[in-house]
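What follows is a short report on a single structure.
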Amino acid sequence: MAFVDGNGSRFRIADVNGVARDLSAFITEVRGLPGARSLYEVTALGDSGARFNPSVDAVEFTLRGIYDDTTSAGVDVVLGALRYHTSPVVFEYAPSGFAASKPRYTGECWVRSYELASRAGGPVSWQATLQVEGVTTRIVGT
């Protein structure tokens, strides 16, 4: 079994012009992918235990990181603009990096929220909540 250090993880998201932006250098945490499975209860009278059927996915995930105000491709420019974008954009999360032999999770998403936090004695940080449109797909290879 191979264990993977999180510092090799990578995350890309398309900006409002559809250009893939690698925000990995500014991200300290990705949480929530590939996401929880939605199930609804179908337990009937007389059943000896709960029963469930799958429903449509409604995956939400969170990114956290260190603020960067680079004018062309920094986190603030990319995620700030996507918060107001009118269509979902492509994302790609690679827990083990972007090597062709490693798994990646891809899909389309909306930026639901983008929040900054400042504290004396610490770096300016940010957090974003993203909502997957449709499903998240696991791929290995190109």
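Naming scheme: A, B, ... for chains in displayed order of the structure tokens; residues 1 onward per chain; ligands 1 onward as shown.
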Query raised in the report: Which polymer residues have any atom within 9 Å of an atom of range 25-39 of chain A, counting only C-alpha atoms, with same-chain residues fewer than 4 positions away left out, as JSON, numbers by chain?
Result: {"A": [6, 7, 9, 10, 11, 52, 53, 54, 55, 56, 57, 58, 59, 60, 61, 62, 63, 64, 65, 66, 67, 68, 74, 75, 93, 105, 106, 136, 137, 138]}
Using N, CA and C atoms, can you export the residues from the last selection as a PDB file, in the first residue's frame?
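Heads up, here's the output in result-v4.pdb:
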```pdb
ATOM      1  N   GLY A   6       0.173  14.843   1.486  1.00  0.00           N
ATOM      2  CA  GLY A   6      -0.710  15.849   0.912  1.00  0.00           C
ATOM      3  C   GLY A   6      -0.012  16.961   0.159  1.00  0.00           C
ATOM      4  N   ASN A   7       1.283  17.162   0.413  1.00  0.00           N
ATOM      5  CA  ASN A   7       1.960  18.260  -0.287  1.00  0.00           C
ATOM      6  C   ASN A   7       2.109  17.989  -1.783  1.00  0.00           C
ATOM      7  N   SER A   9      -0.477  16.936  -3.591  1.00  0.00           N
ATOM      8  CA  SER A   9      -1.804  17.127  -4.182  1.00  0.00           C
ATOM      9  C   SER A   9      -1.833  18.373  -5.054  1.00  0.00           C
ATOM     10  N   ARG A  10      -2.690  18.347  -6.056  1.00  0.00           N
ATOM     11  CA  ARG A  10      -2.823  19.476  -6.977  1.00  0.00           C
ATOM     12  C   ARG A  10      -4.296  19.757  -7.244  1.00  0.00           C
ATOM     13  N   PHE A  11      -4.592  21.052  -7.508  1.00  0.00           N
ATOM     14  CA  PHE A  11      -5.965  21.463  -7.811  1.00  0.00           C
ATOM     15  C   PHE A  11      -5.950  22.524  -8.897  1.00  0.00           C
ATOM     16  N   PHE A  52     -32.576   1.929   2.013  1.00  0.00           N
ATOM     17  CA  PHE A  52     -32.260   3.168   1.305  1.00  0.00           C
ATOM     18  C   PHE A  52     -32.138   2.929  -0.190  1.00  0.00           C
ATOM     19  N   ASN A  53     -32.403   3.959  -0.965  1.00  0.00           N
ATOM     20  CA  ASN A  53     -32.164   3.977  -2.407  1.00  0.00           C
ATOM     21  C   ASN A  53     -31.261   5.160  -2.722  1.00  0.00           C
ATOM     22  N   PRO A  54     -30.408   5.020  -3.736  1.00  0.00           N
ATOM     23  CA  PRO A  54     -29.551   6.150  -4.097  1.00  0.00           C
ATOM     24  C   PRO A  54     -30.354   7.263  -4.762  1.00  0.00           C
ATOM     25  N   SER A  55     -29.903   8.472  -4.545  1.00  0.00           N
ATOM     26  CA  SER A  55     -30.507   9.649  -5.150  1.00  0.00           C
ATOM     27  C   SER A  55     -29.457  10.353  -5.997  1.00  0.00           C
ATOM     28  N   VAL A  56     -29.769  11.510  -6.494  1.00  0.00           N
ATOM     29  CA  VAL A  56     -28.795  12.270  -7.277  1.00  0.00           C
ATOM     30  C   VAL A  56     -27.732  12.851  -6.350  1.00  0.00           C
ATOM     31  N   ASP A  57     -26.521  12.969  -6.856  1.00  0.00           N
ATOM     32  CA  ASP A  57     -25.439  13.555  -6.066  1.00  0.00           C
ATOM     33  C   ASP A  57     -25.649  15.051  -5.897  1.00  0.00           C
ATOM     34  N   ALA A  58     -25.247  15.550  -4.747  1.00  0.00           N
ATOM     35  CA  ALA A  58     -25.265  16.989  -4.468  1.00  0.00           C
ATOM     36  C   ALA A  58     -23.991  17.292  -3.684  1.00  0.00           C
ATOM     37  N   VAL A  59     -22.852  17.157  -4.346  1.00  0.00           N
ATOM     38  CA  VAL A  59     -21.548  17.251  -3.687  1.00  0.00           C
ATOM     39  C   VAL A  59     -21.116  18.706  -3.544  1.00  0.00           C
ATOM     40  N   GLU A  60     -20.679  19.019  -2.342  1.00  0.00           N
ATOM     41  CA  GLU A  60     -20.108  20.327  -2.031  1.00  0.00           C
ATOM     42  C   GLU A  60     -18.722  20.076  -1.449  1.00  0.00           C
ATOM     43  N   PHE A  61     -17.735  20.895  -1.834  1.00  0.00           N
ATOM     44  CA  PHE A  61     -16.403  20.726  -1.265  1.00  0.00           C
ATOM     45  C   PHE A  61     -15.805  22.075  -0.911  1.00  0.00           C
ATOM     46  N   THR A  62     -14.768  22.024  -0.080  1.00  0.00           N
ATOM     47  CA  THR A  62     -14.166  23.236   0.459  1.00  0.00           C
ATOM     48  C   THR A  62     -12.686  23.298   0.126  1.00  0.00           C
ATOM     49  N   LEU A  63     -12.242  24.483  -0.213  1.00  0.00           N
ATOM     50  CA  LEU A  63     -10.821  24.778  -0.397  1.00  0.00           C
ATOM     51  C   LEU A  63     -10.430  25.803   0.650  1.00  0.00           C
ATOM     52  N   ARG A  64      -9.222  25.655   1.198  1.00  0.00           N
ATOM     53  CA  ARG A  64      -8.674  26.648   2.129  1.00  0.00           C
ATOM     54  C   ARG A  64      -7.246  26.936   1.711  1.00  0.00           C
ATOM     55  N   GLY A  65      -6.792  28.168   2.004  1.00  0.00           N
ATOM     56  CA  GLY A  65      -5.428  28.462   1.630  1.00  0.00           C
ATOM     57  C   GLY A  65      -4.933  29.814   2.057  1.00  0.00           C
ATOM     58  N   ILE A  66      -3.795  30.179   1.483  1.00  0.00           N
ATOM     59  CA  ILE A  66      -3.100  31.426   1.778  1.00  0.00           C
ATOM     60  C   ILE A  66      -3.416  32.415   0.662  1.00  0.00           C
ATOM     61  N   TYR A  67      -3.808  33.610   1.047  1.00  0.00           N
ATOM     62  CA  TYR A  67      -4.226  34.654   0.116  1.00  0.00           C
ATOM     63  C   TYR A  67      -3.102  35.055  -0.827  1.00  0.00           C
ATOM     64  N   ASP A  68      -3.470  35.274  -2.075  1.00  0.00           N
ATOM     65  CA  ASP A  68      -2.532  35.763  -3.083  1.00  0.00           C
ATOM     66  C   ASP A  68      -3.287  36.716  -3.997  1.00  0.00           C
ATOM     67  N   GLY A  74      -3.879  34.924  -9.629  1.00  0.00           N
ATOM     68  CA  GLY A  74      -3.893  34.629  -8.199  1.00  0.00           C
ATOM     69  C   GLY A  74      -5.254  34.137  -7.738  1.00  0.00           C
ATOM     70  N   VAL A  75      -5.280  33.586  -6.552  1.00  0.00           N
ATOM     71  CA  VAL A  75      -6.507  33.045  -5.976  1.00  0.00           C
ATOM     72  C   VAL A  75      -7.613  34.094  -5.943  1.00  0.00           C
ATOM     73  N   TYR A  93      -9.035  17.756  -9.373  1.00  0.00           N
ATOM     74  CA  TYR A  93      -8.324  17.535  -8.114  1.00  0.00           C
ATOM     75  C   TYR A  93      -7.518  16.253  -8.241  1.00  0.00           C
ATOM     76  N   TYR A 105      -9.907  13.557  -9.810  1.00  0.00           N
ATOM     77  CA  TYR A 105     -11.349  13.747  -9.706  1.00  0.00           C
ATOM     78  C   TYR A 105     -11.693  15.018 -10.465  1.00  0.00           C
ATOM     79  N   THR A 106     -12.611  14.900 -11.408  1.00  0.00           N
ATOM     80  CA  THR A 106     -12.946  16.036 -12.252  1.00  0.00           C
ATOM     81  C   THR A 106     -14.456  16.246 -12.286  1.00  0.00           C
ATOM     82  N   THR A 136     -19.097  14.037  -9.883  1.00  0.00           N
ATOM     83  CA  THR A 136     -17.637  14.039  -9.885  1.00  0.00           C
ATOM     84  C   THR A 136     -17.182  12.720 -10.497  1.00  0.00           C
ATOM     85  N   THR A 137     -16.238  12.781 -11.421  1.00  0.00           N
ATOM     86  CA  THR A 137     -15.755  11.592 -12.114  1.00  0.00           C
ATOM     87  C   THR A 137     -14.318  11.289 -11.709  1.00  0.00           C
ATOM     88  N   ARG A 138     -14.043  10.021 -11.387  1.00  0.00           N
ATOM     89  CA  ARG A 138     -12.669   9.588 -11.089  1.00  0.00           C
ATOM     90  C   ARG A 138     -12.062   9.054 -12.372  1.00  0.00           C
TER      91      ARG A 138
END
```
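The smallest atom-to-atom distance between Val90 in chain A and any of A:Asp47, A:Asp22, A:Asp76, A:Glu41, using only C-alpha atoms, is found for A:Asp22.
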Per residue of range 63-86 of chain A within 7 Å of range 112-121 of chain A, which atom pair is closest and at what distance in Å (one decimal), using only C-alpha atoms, listed by chain and increasing number, as CSV?
```
residue,atom,partner,partner_atom,distance
A:Leu79,CA,A:Tyr114,CA,6.7
A:Gly80,CA,A:Tyr114,CA,6.6
A:Arg83,CA,A:Arg112,CA,6.4
```
Written selection (C-alpha atoms) as a PDB file, in the first residue's frame:
```pdb
ATOM      1  CA  LEU A  79     -12.093  32.647  -7.216  1.00  0.00           C
ATOM      2  CA  GLY A  80     -13.366  36.182  -6.662  1.00  0.00           C
ATOM      3  CA  ARG A  83     -18.193  33.804  -7.307  1.00  0.00           C
TER       4      ARG A  83
END
```
Query raised in the report: as number ranges by chain, which residues of chain A does DSSP assign to strand (DSSP E)?
Result: A: 10-14, 20-22, 27-31, 39-41, 52-54, 60-66, 89-94, 103-117, 125-140
Report task. Please measure the separation of CA of Lys102 in chain A and CA of Val78 in chain A, giving the value in Å to one decimal. Result ->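 CA of Val78 in chain A lies 25.8 Å from CA of Lys102 in chain A.
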